[in-house]
Amino acid sequence: MAANQKDEPLLEIKNLSVGFNGAHKGKPVVCGVSMKVHPGEILGLVGESGSGKSVTCYSVVRLLGERGWTEGEVIFDNKDTLSCLESDIVAIRGREIAMIFQDAQSFLNPVQTVGSQLTEALMLKKDLEKRSSDIFRKEAVKLLTEVGIPDPERRMGEYPHQLSGGQNQRVMIAIMLAGDPRLLIADEPTTALDVTIQAQILRLLKKLCKERNMAIILVTHDLGVIAETCERTVVMYGGKVMECGPVEDVLVNPKHPYTLGLLSSKPRIDKKVKKLNTIEGVVPSPENFPEGCPFYDRCINVTDKCKDISPPIVIEGMRHYFCFNPVKEGMVWK
């Protein structure tokens, strides 16, 4: 079910800034990020490593702990998760909001069976203390079936090393679903998987989103994953949002030069090229973030004020972008 953008958002991030205590000379690693996600919507969050995608997501449920500081608001179901009591965020974390991490093998306990880990998640995330162990097992088998694990009864007694990478990822998704979350944050859930298994996991996430009317934030480096899976996308770089909007609009008609650079560096099956375009340079470290646009020193459309002045937001319908000199029609990355 496609998200209705007129509905109230399930999650709204407002002017979020995040930093780490004693690191990067106190400078924020995420600077003034704002975005929304609605029930039943898959929102893509894309950008190079170091762009601030994961830190933004971890801040939603305060996973940074005492290591970091935050400013701004993260409104989930009319409650600010940044300022609510610790007991309130504990009640939300893993239940209302669940996270899938990159490496399922690191997430799962190697000395516990799949079944014991899944039933433990059910006991922790639901009020099932008074129910019998048979009920727990049936619930766990049902979840494994829902995420596409073959022969779930047998898999319940197996250990993570006996499963493939894709199956472990499905088990982790099942554990996250144990609390019936309304928002699922998937932090590069297909990074370590081959393309066939990656496609299966993405189809599973789309299926769960539709059937459960669950919102999903999908973090990825891959614009192909964004095009295949998401309805809207947010492009991040250097701790800031570069542009956001409906996926088709952003990928077909990018407004920010950074988005154009990402698209130009991706191989295409409909064109033959001798050499792929590249974006010269690297993402700056937080202590070197400029006052203006963090992409200025790699941009082909740079102007004199880009380094010192932060570009204002430009709103065109459902498209938002931050650029003094946006991409014109027919422009190519060189």
# chains A, B, ... in the order shown; residues from 1 in each chain; ligands from 1

$ closest_atom_pairs --of "region 66-108 of chain A" --to "region 14-35 of chain A" --cutoff "6 Å" --atoms "only C-alpha atoms" --output "JSON lines"
{"residue": "A:Arg67", "atom": "CA", "partner": "A:Asn21", "partner_atom": "CA", "distance": 5.7}
{"residue": "A:Gly68", "atom": "CA", "partner": "A:Phe20", "partner_atom": "CA", "distance": 4.1}
{"residue": "A:Trp69", "atom": "CA", "partner": "A:Gly19", "partner_atom": "CA", "distance": 5.3}
{"residue": "A:Thr70", "atom": "CA", "partner": "A:Val18", "partner_atom": "CA", "distance": 4.5}
{"residue": "A:Glu71", "atom": "CA", "partner": "A:Ser17", "partner_atom": "CA", "distance": 5.1}
{"residue": "A:Gly72", "atom": "CA", "partner": "A:Leu16", "partner_atom": "CA", "distance": 4.5}
{"residue": "A:Glu73", "atom": "CA", "partner": "A:Lys14", "partner_atom": "CA", "distance": 5.0}

$ residues_around --residues "region 141-157 of chain A" --least-positions-apart "2" --cutoff "12 Å" --atoms "only C-alpha atoms" --output "PyMOL selection string"
chain A and resi 111-119+121-122+134-139+159-164+166-180+197+200-208+211-212

$ residues_around --residues "region 294-309 of chain A" --least-positions-apart "4" --cutoff "12 Å" --atoms "only C-alpha atoms" --output "PyMOL selection string"
chain A and resi 29-31+47-48+50-51+236-242+255-262+278-290+322-328+331-334

$ atom_distance --atom1 "CA of Val74 (chain A)" --atom2 "CA of Ile97 (chain A)"
12.5 Å

$ select_by_dssp --residues "region 91-242 of chain A" --states "strand (DSSP E or B)" --output "ChimeraX atom specification"
/A:93,97-100,183-187,215-220,232-237,240-242

$ closest_residue --among "A:His320, A:Lys275, A:Arg95, A:Arg62" --to "Val235 (chain A)" --atoms "only C-alpha atoms"
A:His320

$ closest_residue --among "A:Glu329, A:Glu8, A:Glu41, A:Glu120" --to "Asp77 (chain A)" --atoms "only C-alpha atoms"
A:Glu8

$ closest_residue --among "A:Pro181, A:Pro246, A:Pro189, A:Pro312" --to "Leu43 (chain A)" --atoms "only C-alpha atoms"
A:Pro246

$ atom_distance --atom1 "CA of Met99 (chain A)" --atom2 "CA of Leu184 (chain A)"
5.7 Å

$ atom_distance --atom1 "CA of Tyr321 (chain A)" --atom2 "CA of Asn78 (chain A)"
26.3 Å

$ closest_residue --among "A:Pro254, A:Pro9, A:Pro267, A:Gly292" --to "Gly40 (chain A)" --atoms "only C-alpha atoms"
A:Pro9

$ select_by_dssp --residues "region 50-270 of chain A" --states "alpha helix (DSSP H)" --output "PyMOL selection string"
chain A and resi 53-60+86-92+104-107+114-125+133-146+152-155+165-177+195-212+223-229+247-252+257-264
